[in-house]
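K.L.:
I'm passing along my_file_12.txt; it holds compact mmCIF, C-alpha atoms and all ligand atoms.
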# COMPACT_ATOMS: atom_id res chain seq x y z
CA MET A 272 240.80 86.30 -21.83
CA HIS A 273 238.28 86.22 -24.65
CA ILE A 274 239.22 84.15 -27.69
CA HIS A 275 238.35 86.31 -30.67
CA GLY A 276 235.51 85.07 -32.79
CA LEU A 277 234.76 82.13 -30.47
CA GLY A 278 232.45 83.89 -28.06
CA VAL A 279 233.95 81.89 -25.20
CA ASN A 280 235.74 83.33 -22.21
CA VAL A 281 238.68 81.20 -21.11
CA ARG A 282 238.54 82.60 -17.57
CA ASP A 283 234.89 81.54 -17.21
CA ILE A 284 235.79 78.00 -18.24
CA GLU A 285 238.71 77.85 -15.81
CA LYS A 286 236.58 79.20 -12.97
CA ARG A 287 233.94 76.59 -13.63
CA ILE A 288 236.59 73.84 -13.61
CA ARG A 289 237.94 75.12 -10.27
CA PHE A 290 234.42 75.24 -8.83
CA CYS A 291 233.66 71.68 -9.90
CA ASN A 292 237.05 70.38 -8.77
CA TYR A 293 236.44 71.80 -5.28
CA LEU A 294 232.99 70.27 -5.16
CA SER A 295 234.35 66.91 -6.34
CA VAL A 296 236.85 66.84 -3.46
CA ALA A 297 234.29 68.15 -0.97
CA GLN A 298 231.80 65.41 -1.89
CA ILE A 299 234.38 62.69 -1.32
CA PHE A 300 235.68 63.99 2.03
CA LEU A 301 233.40 66.46 3.81
CA GLN A 302 230.32 65.96 5.94
CA ASP A 303 230.50 69.46 7.48
CA ASN A 304 232.35 72.81 7.21
CA ILE A 305 231.90 72.73 3.42
CA LEU A 306 233.01 76.35 2.96
CA LEU A 307 236.02 75.96 5.29
CA ASN A 308 234.74 78.69 7.57
CA ARG A 309 237.02 77.26 10.26
CA PRO A 310 240.09 75.02 10.03
CA LEU A 311 239.14 71.43 9.18
CA SER A 312 238.83 69.01 12.07
CA PHE A 313 238.46 65.24 12.07
CA SER A 314 234.74 65.56 12.77
CA ASP A 315 234.27 67.39 9.42
CA ILE A 316 235.47 64.29 7.54
CA LYS A 317 233.09 61.52 6.52
CA PRO A 318 233.51 58.28 8.50
CA ARG A 319 233.88 56.16 5.36
CA LEU A 320 235.84 57.66 2.48
CA LEU A 321 234.59 56.39 -0.86
CA GLY A 322 234.73 57.67 -4.41
CA HIS A 323 237.21 58.25 -7.21
CA TRP A 324 239.13 61.50 -7.40
CA GLY A 325 241.62 60.60 -10.18
CA SER A 326 239.23 60.92 -13.09
CA CYS A 327 237.33 63.96 -11.74
CA PRO A 328 239.59 66.83 -12.82
CA GLY A 329 239.70 65.60 -16.43
CA ILE A 330 235.93 65.13 -16.47
CA ASN A 331 235.48 68.67 -15.16
CA ILE A 332 237.84 69.98 -17.86
CA ALA A 333 236.00 68.18 -20.66
CA TYR A 334 232.54 69.09 -19.37
CA ALA A 335 233.30 72.79 -18.90
CA ASN A 336 235.08 73.21 -22.22
CA VAL A 337 232.37 71.54 -24.28
CA LYS A 338 229.44 72.98 -22.32
CA LEU A 339 230.58 76.58 -22.71
CA ARG A 340 231.31 76.12 -26.39
CA TYR A 341 228.23 73.97 -27.20
CA PRO A 342 225.62 74.64 -24.47
CA HIS A 343 223.11 72.22 -26.01
CA MET A 344 225.47 69.24 -25.77
CA GLN A 345 224.53 65.94 -24.16
CA PHE A 346 227.34 64.44 -22.09
CA ILE A 347 227.98 60.72 -21.72
CA LEU A 348 230.49 59.74 -19.08
CA GLY A 349 232.32 56.47 -19.79
CA PRO A 350 233.78 55.60 -16.36
CA GLY A 351 230.77 56.21 -14.09
CA HIS A 352 232.99 56.25 -11.02
CA GLY A 353 233.91 59.87 -11.80
CA PHE A 354 230.46 60.66 -10.45
CA PRO A 355 231.46 63.49 -8.07
CA ALA A 356 232.54 65.47 -11.14
CA LEU A 357 229.36 64.73 -13.09
CA GLN A 358 227.27 65.62 -10.05
CA ALA A 359 229.22 68.87 -9.53
CA ASN A 360 228.49 69.90 -13.13
CA LEU A 361 224.80 69.04 -12.84
CA TYR A 362 224.64 71.11 -9.66
CA TYR A 363 226.50 74.02 -11.27
CA ASP A 364 224.09 74.17 -14.21
CA GLY A 365 220.99 73.82 -12.00
CA ASP A 366 220.11 70.46 -13.60
CA LEU A 367 219.92 68.64 -10.25
CA ILE A 368 217.36 70.84 -8.58
CA ASP A 369 214.49 69.75 -10.85
CA ILE A 370 214.74 66.26 -9.39
CA TYR A 371 216.35 67.08 -6.02
CA PRO A 372 214.73 70.29 -4.72
CA GLU A 373 217.26 70.44 -1.88
CA ALA A 374 220.13 70.98 -4.36
CA THR A 375 219.71 74.75 -4.06
CA PRO A 376 222.39 77.23 -5.26
CA ASN A 377 223.31 78.24 -1.70
CA LEU A 378 224.94 76.81 1.39
CA HIS A 379 222.03 74.49 2.06
CA GLY A 380 222.39 72.99 -1.44
CA LEU A 381 226.16 72.65 -1.10
CA GLU A 382 225.82 70.87 2.24
CA TYR A 383 223.14 68.61 0.82
CA LEU A 384 225.24 67.72 -2.23
CA CYS A 385 228.39 66.93 -0.27
CA LYS A 386 226.85 65.16 2.71
CA GLN A 387 224.60 62.96 0.55
CA PHE A 388 227.39 61.71 -1.74
CA SER A 389 228.08 58.04 -1.02
CA TRP A 390 225.86 58.17 2.07
CA PRO A 391 223.19 55.71 3.21
CA TYR A 392 219.92 56.57 1.41
CA GLY A 393 221.72 59.45 -0.33
CA PHE A 394 223.52 59.53 -3.69
CA PRO A 395 225.55 56.50 -4.75
CA SER A 396 229.30 56.84 -5.32
CA HIS A 397 228.85 56.07 -9.03
CA ALA A 398 226.57 57.46 -11.74
CA SER A 399 223.21 55.69 -11.58
CA PRO A 400 219.64 55.87 -12.85
CA MET A 401 219.08 58.48 -10.11
CA THR A 402 221.32 60.90 -12.04
CA PRO A 403 219.31 63.39 -14.13
CA GLY A 404 219.84 62.96 -17.87
CA ILE A 405 221.79 59.72 -17.53
CA ILE A 406 221.58 57.25 -20.42
CA SER A 407 224.74 55.25 -19.64
CA GLU A 408 225.77 54.39 -16.09
CA GLY A 409 229.33 53.47 -16.89
CA GLY A 410 229.67 50.92 -14.08
CA GLU A 411 230.62 48.25 -16.60
CA LEU A 412 233.15 49.97 -18.81
CA GLY A 413 232.85 50.01 -22.61
CA TYR A 414 229.48 51.40 -23.59
CA SER A 415 229.89 55.17 -23.75
CA LEU A 416 230.59 55.47 -27.48
CA ALA A 417 227.98 52.92 -28.57
CA THR A 418 225.40 54.67 -26.37
CA ALA A 419 226.31 58.03 -27.91
CA TYR A 420 225.85 56.75 -31.47
CA GLY A 421 222.59 55.08 -30.47
CA ALA A 422 221.25 58.30 -28.93
CA ALA A 423 222.20 60.25 -32.07
CA LEU A 424 220.43 57.82 -34.39
CA GLY A 425 217.79 59.64 -36.45
CA ARG A 426 218.22 62.76 -34.30
CA PRO A 427 220.22 65.20 -36.49
CA GLU A 428 219.66 68.02 -34.00
CA LYS A 429 221.65 66.23 -31.30
CA PHE A 430 225.25 66.96 -30.29
CA ILE A 431 226.56 64.20 -28.06
CA VAL A 432 229.91 64.03 -26.33
CA ALA A 433 231.21 60.63 -25.23
CA LEU A 434 234.06 60.86 -22.73
CA ILE A 435 235.80 57.49 -23.02
CA GLY A 436 238.25 56.36 -20.34
CA ASP A 437 241.62 55.20 -21.64
CA GLY A 438 241.11 52.06 -19.53
CA GLU A 439 237.61 51.80 -20.97
CA LEU A 440 239.01 51.88 -24.51
CA GLU A 441 240.88 48.66 -23.78
CA THR A 442 237.52 46.82 -23.64
CA ALA A 443 236.29 44.93 -26.68
CA THR A 444 232.99 46.83 -26.57
CA ALA A 445 234.60 50.25 -26.77
CA LEU A 446 237.04 49.17 -29.47
CA GLY A 447 234.23 47.62 -31.52
CA SER A 448 232.20 50.82 -31.15
CA LEU A 449 234.83 52.73 -33.11
CA ASN A 450 233.39 51.07 -36.24
CA LEU A 451 230.14 52.98 -35.66
CA ASN A 452 231.84 56.06 -37.04
CA ARG A 453 231.68 54.58 -40.53
CA LEU A 454 228.18 53.15 -40.08
CA LEU A 455 226.36 55.99 -38.35
CA ASN A 456 228.25 59.19 -39.10
CA SER A 457 225.77 60.82 -41.47
CA ARG A 458 223.73 64.00 -41.76
CA HIS A 459 220.59 62.01 -40.91
CA ASN A 460 221.96 61.33 -37.44
CA GLY A 461 223.21 63.61 -34.70
CA HIS A 462 226.84 64.64 -34.22
CA VAL A 463 228.89 62.41 -31.93
CA LEU A 464 232.10 63.88 -30.56
CA PRO A 465 234.28 61.20 -28.95
CA ILE A 466 236.82 62.42 -26.42
CA LEU A 467 239.37 59.91 -25.18
CA HIS A 468 240.34 60.80 -21.64
CA LEU A 469 244.01 59.93 -21.74
CA ASN A 470 244.86 60.30 -18.06
CA GLY A 471 247.30 57.45 -18.24
CA TYR A 472 246.05 54.88 -15.75
CA LYS A 473 243.32 52.34 -15.03
CA ILE A 474 242.99 51.61 -11.28
CA SER A 475 246.56 50.51 -10.44
CA ALA A 476 248.31 50.21 -13.80
CA PRO A 477 249.15 52.29 -16.87
CA THR A 478 246.87 52.01 -19.89
CA ILE A 479 248.03 50.64 -23.23
CA TYR A 480 247.26 53.98 -24.91
CA ALA A 481 249.28 55.94 -22.36
CA ARG A 482 252.30 53.86 -23.34
CA SER A 483 251.64 54.21 -27.09
CA SER A 484 253.44 56.81 -29.17
CA GLU A 485 251.46 59.76 -30.53
CA ARG A 486 251.94 58.32 -34.01
CA GLU A 487 250.48 54.95 -32.98
CA LEU A 488 247.51 56.64 -31.33
CA LEU A 489 246.76 58.91 -34.28
CA ASN A 490 247.07 56.01 -36.72
CA LEU A 491 244.73 53.84 -34.65
CA PHE A 492 241.87 56.33 -34.89
CA ARG A 493 242.65 57.27 -38.49
CA GLY A 494 242.22 53.60 -39.31
CA PHE A 495 238.61 53.83 -38.10
CA GLY A 496 237.97 56.86 -40.33
CA TYR A 497 238.30 59.51 -37.65
CA ALA A 498 240.31 62.73 -37.77
CA PRO A 499 242.09 62.50 -34.40
CA VAL A 500 243.57 65.50 -32.66
CA ILE A 501 245.61 65.52 -29.46
CA VAL A 502 244.75 68.21 -26.91
CA ASP A 503 246.45 69.18 -23.67
CA GLY A 504 243.41 69.33 -21.37
CA THR A 505 245.20 71.72 -19.02
CA ASN A 506 245.48 74.31 -21.81
CA THR A 507 242.01 75.84 -22.13
CA GLU A 508 242.87 78.06 -25.11
CA GLU A 509 244.22 75.10 -27.06
CA PHE A 510 241.13 73.04 -26.19
CA GLN A 511 238.78 75.83 -27.29
CA LEU A 512 240.56 76.29 -30.60
CA VAL A 513 240.16 72.58 -31.32
CA LEU A 514 236.49 72.63 -30.30
CA ALA A 515 235.81 75.59 -32.56
CA ASN A 516 237.07 73.66 -35.57
CA ILE A 517 235.55 70.21 -35.18
CA THR A 518 234.10 68.25 -38.09
CA PRO A 519 231.86 65.14 -37.91
CA GLU A 520 235.05 63.02 -38.06
CA THR A 521 236.89 64.72 -35.19
CA PHE A 522 238.12 62.43 -32.42
CA ILE A 523 239.70 64.32 -29.52
CA ILE A 524 242.47 62.70 -27.50
CA MET A 525 242.51 64.76 -24.30
CA GLN A 526 245.59 64.40 -22.14
CA THR A 527 245.37 65.22 -18.43
CA PRO A 528 247.51 64.07 -15.52
CA LYS A 529 245.43 61.68 -13.39
CA GLY A 530 244.39 63.48 -10.19
CA TYR A 531 245.41 66.85 -11.68
CA THR A 532 245.43 69.72 -9.10
CA GLY A 533 245.30 67.20 -6.24
CA PRO A 534 248.09 66.56 -3.70
CA LYS A 535 251.42 65.96 -5.43
CA GLU A 536 252.67 63.19 -3.14
CA LEU A 537 252.11 61.40 0.15
CA ASP A 538 254.95 59.88 2.18
CA GLY A 539 257.23 59.90 -0.86
CA LYS A 540 254.64 58.28 -3.15
CA LYS A 541 253.61 60.23 -6.22
CA LEU A 542 249.88 61.00 -6.31
CA GLU A 543 249.17 63.58 -9.04
CA GLY A 544 249.90 62.10 -12.46
CA ASN A 545 249.91 58.59 -11.04
CA CYS A 546 247.49 55.72 -10.44
CA ALA A 547 247.71 56.35 -6.67
CA SER A 548 245.21 59.19 -7.18
CA HIS A 549 242.58 56.86 -8.70
CA GLN A 550 240.35 56.61 -5.59
CA VAL A 551 240.76 58.54 -2.32
CA PRO A 552 244.27 60.01 -2.31
CA LEU A 553 244.31 60.91 1.43
CA PRO A 554 242.62 57.82 2.86
CA LYS A 555 243.44 58.61 6.52
CA ALA A 556 242.19 62.21 6.50
CA LYS A 557 239.84 61.39 9.39
CA SER A 558 242.52 60.20 11.76
CA ASP A 559 245.90 61.47 10.59
CA ARG A 560 246.79 65.14 11.26
CA LYS A 561 249.20 65.37 8.35
CA GLN A 562 246.63 64.09 5.85
CA LEU A 563 243.96 66.38 7.30
CA GLN A 564 246.29 69.37 6.84
CA MET A 565 247.06 68.24 3.27
CA LEU A 566 243.33 68.13 2.57
CA GLN A 567 242.90 71.64 3.98
CA THR A 568 245.72 72.98 1.75
CA TRP A 569 244.30 71.14 -1.26
CA LEU A 570 240.80 72.55 -0.79
CA GLU A 571 242.16 76.06 -0.15
CA SER A 572 244.08 75.95 -3.43
CA TYR A 573 240.82 76.40 -5.40
CA ASN A 574 239.85 79.73 -3.72
CA PHE A 575 236.33 78.40 -3.65
CA LYS A 576 234.81 81.20 -1.54
CA GLU A 577 235.36 83.75 -4.31
CA LEU A 578 233.77 81.40 -6.88
CA TYR A 579 230.93 80.56 -4.53
CA ASP A 580 230.07 84.23 -3.92
CA GLU A 581 229.86 84.81 -7.69
CA PHE A 582 227.78 81.66 -8.08
CA THR A 583 225.23 82.62 -5.44
CA GLU A 584 224.99 86.20 -6.80
CA LYS A 585 224.15 84.84 -10.27
CA HIS A 586 221.17 82.87 -8.88
C1 LIG B 601 234.16 45.87 -18.29
C2 LIG B 601 234.85 46.31 -17.03
N1 LIG B 601 236.06 45.80 -16.74
C3 LIG B 601 236.71 46.19 -15.60
C4 LIG B 601 236.12 47.08 -14.75
C5 LIG B 601 236.84 47.46 -13.47
N2 LIG B 601 237.28 48.85 -13.52
C6 LIG B 601 236.63 49.81 -12.82
S1 LIG B 601 237.33 51.31 -13.03
C7 LIG B 601 238.53 50.69 -14.05
C8 LIG B 601 239.58 51.57 -14.64
C9 LIG B 601 239.00 52.64 -15.44
O1 LIG B 601 240.02 53.33 -16.10
P1 LIG B 601 239.68 54.48 -17.11
O2 LIG B 601 238.64 54.01 -18.07
O3 LIG B 601 240.97 54.93 -17.69
O4 LIG B 601 239.03 55.59 -16.19
P2 LIG B 601 239.77 56.66 -15.25
O5 LIG B 601 241.24 56.42 -15.28
O6 LIG B 601 239.46 58.00 -15.83
O7 LIG B 601 239.21 56.48 -13.90
C10 LIG B 601 238.37 49.31 -14.21
C11 LIG B 601 239.26 48.47 -15.03
C12 LIG B 601 234.84 47.58 -15.08
N3 LIG B 601 234.22 48.49 -14.31
N4 LIG B 601 234.23 47.20 -16.23
Please go through the file and, once you have read it, give me the structure as structure tokens.

P.N.:
Amino acid sequence: MHIHGLGVNVRDIEKRIRFCNYLSVAQIFLQDNILLNRPLSFSDIKPRLLGHWGSCPGINIAYANVKLRYPHMQFILGPGHGFPALQANLYYDGDLIDIYPEATPNLHGLEYLCKQFSWPYGFPSHASPMTPGIISEGGELGYSLATAYGAALGRPEKFIVALIGDGELETATALGSLNLNRLLNSRHNGHVLPILHLNGYKISAPTIYARSSERELLNLFRGFGYAPVIVDGTNTEEFQLVLANITPETFIIMQTPKGYTGPKELDGKKLEGNCASHQVPLPKAKSDRKQLQMLQTWLESYNFKELYDEFTEKH
């Protein structure tokens, strides 16, 4: 569906999100059989499962929505542990290949990307100085918004998105950075668009903001001079309408269920929409048949082959 007057195709955004979600999961779990050309076996799974799935789907949603609406945007990721998602987006846009010539838009590139994630001498599990375009690693939470305002200083041509974790916004640094709106929001500086990623949890507990009422949340940001707007991240049309109408004061509060589109539950424990999806939601996929089958079903749910064929044709 094309949203009239916006020049943005909702289906294209949703396809990109699906593509990047698949690649996020594949980086965390797979060392072989990346296209699922045969049923998964234990030998396809990496020996040591590391990484953070929970934040990835929301990062992919934010990245795709903003990128297709504002292609010149610069993206700052608050919680750097959502690296598989950032890396998937850099691969999708062809931004990785300049630095990593093996990140080609074909099977070789896909295998390289997935195998090398969190692998000795490969890519780290978190954003790092090795990541093209990175100006904030995010390992120590709190600096995304301050970094965004700093990068926009004296650069009116810039459009910078800071995706702030809701856990991150509990830090003194992130809270203090909200004051920068009043100090640095001017036509002499670039546009900073803060997006709070309200996915509800930080590691193993709910965030303060997830347990706040909408009124409390809106009033908090209004108090810092922002014009906050709450968006359901899973509703692409709604997100695009908000993005089409932003002002320099806009502060987006993007709600997504943590681990969205991942497995719903494991052994009676809720995964999607819960802190249990923060890291690796199927930790025994290399040795437990049930978890391996759940991973296969999860990966298949994205219909990646169809997206991959389109992707390789475009390049
Ligand atoms: C200053 C600081 N305090 C604590 C941590 C430990 N830590 C790592 S991830 C995390 C939770 C992050 O939650 P959130 O910002 O909501 O990100 P998401 O839920 O999207 O993963 C915490 C507390 C840290 N990295 N930095």

K.L.:
Would you mind telling me which residue in A:Arg458, A:Lys540, A:Lys429, A:Lys561 lies nearest to A:Phe346 when using only C-alpha atoms?

P.N.:
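Nearest candidate to A:Phe346 out of A:Arg458, A:Lys540, A:Lys429, A:Lys561: A:Lys429.
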
K.L.:
Find the residues near ligand LIG 601 (chain B). Use a cut-off of 10 Å, count only C-alpha atoms and all ligand atoms, and write them as a ChimeraX atom specification.

P.N.:
/A:323-330,348-353,409-414,434-445,467-481,527-530,545-546,548-550

K.L.:
What are the nearest atom pairs, with distances in Å to one decimal, for all residues of stretch 524-561 of chain A that come at most 9 Å from stretch 285-304 of chain A, using all atoms listed in the file, set out by chain and rising residue number as CSV?

P.N.:
residue,atom,partner,partner_atom,distance
A:Thr532,CA,A:Asn292,CA,8.4
A:Gly533,CA,A:Val296,CA,8.9
A:Val551,CA,A:Ile299,CA,7.7
A:Ala556,CA,A:Phe300,CA,8.1
A:Lys557,CA,A:Phe300,CA,8.8

K.L.:
Kindly indicate which residue among A:Gln387, A:Asn456, A:Thr505, A:Asn377 lies nearest to A:Asp580, using only C-alpha atoms for the distances.

P.N.:
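Closest to A:Asp580 of all the choices is A:Asn377.
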
K.L.:
Step by step, gather every atom of stretch 573-576 of chain A that the file lists, find the box along x, y and z that holds them, add 6 Å on each side, and finally give centre and edge lengths in Å to one decimal, as JSON.

P.N.:
{"center_x": 237.8, "center_y": 78.8, "center_z": -3.5, "size_x": 18.0, "size_y": 16.8, "size_z": 15.9}

K.L.:
Would you mind telling me which residue in A:Gly365, A:Gly278, A:Pro552, A:Leu512 lies nearest to A:Tyr531 when using all atoms listed in the file?

P.N.:
A:Pro552

K.L.:
List the spatial neighbours of A:Ala419 as a ChimeraX atom specification - criterion: any atom at most 7 Å away, only C-alpha atoms, same-chain residues fewer than 4 positions off excluded.

P.N.:
/A:347,415,423,431,433,463

K.L.:
As a list in words, please: the residues near A:Pro310 (cut-off 10 Å, all atoms listed in the file, same-chain neighbours under 2 positions excluded).

P.N.:
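Skipping anything fewer than 2 positions along the chain leaves Asn304, Leu307, Asn308, Ser312, Asp315, Leu563, Gln564 and Gln567 of chain A.
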
K.L.:
So that I have them on file, write out the residues from the current selection with C-alpha atoms, as a CSV table (one decimal), in the coordinates of the input.

P.N.:
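And here's part07.csv as it stands now:
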chain,number,residue,atom,x,y,z
A,304,ASN,CA,232.4,72.8,7.2
A,307,LEU,CA,236.0,76.0,5.3
A,308,ASN,CA,234.7,78.7,7.6
A,312,SER,CA,238.8,69.0,12.1
A,315,ASP,CA,234.3,67.4,9.4
A,563,LEU,CA,244.0,66.4,7.3
A,564,GLN,CA,246.3,69.4,6.8
A,567,GLN,CA,242.9,71.6,4.0

K.L.:
Calculate how many Å separate atom CA of A:Gly425 from atom CA of A:Arg340, rounding to one decimal.

P.N.:
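Interatomic distance here is 23.6 Å.
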
K.L.:
Any idea what's packed within 12 Å of stretch 485-498 of chain A, counting only C-alpha atoms, ignoring anything in its chain fewer than 6 positions away? Could you give it as a PyMOL selection string?

P.N.:
chain A and resi 437+440+446-456+463-467+469+479+513+516-526

K.L.:
For A:Tyr383, which residue among A:Ile305, A:Leu321, A:Gly544, A:Gly461 is the nearest when counting all atoms listed in the file?

P.N.:
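Going through A:Ile305, A:Leu321, A:Gly544, A:Gly461 one by one, the smallest distance to A:Tyr383 is for A:Ile305.
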
K.L.:
Select, from A:Leu361, A:Ala422, A:Pro427, A:Asp538, the residue with the minimum atom-to-atom distance to A:Ala335, counting all atoms listed in the file.

P.N.:
A:Leu361

K.L.:
Could you work out how far atom CA of A:Leu357 lies from atom CA of A:Ala515, giving the answer in Å with one decimal?

P.N.:
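That distance, rounded to one decimal, is 23.2 Å.
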
K.L.:
If I take atom CA of A:Asn280 and atom CA of A:Phe510, how far is one from the other in Å, to one decimal?

P.N.:
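If I compute the distance from atom CA of A:Asn280 to atom CA of A:Phe510, I get 12.3 Å.
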
K.L.:
Using all atoms listed in the file, which of A:Trp390, A:Leu553, A:Leu514, A:His459 sits nearest A:Val500?

P.N.:
A:Leu514
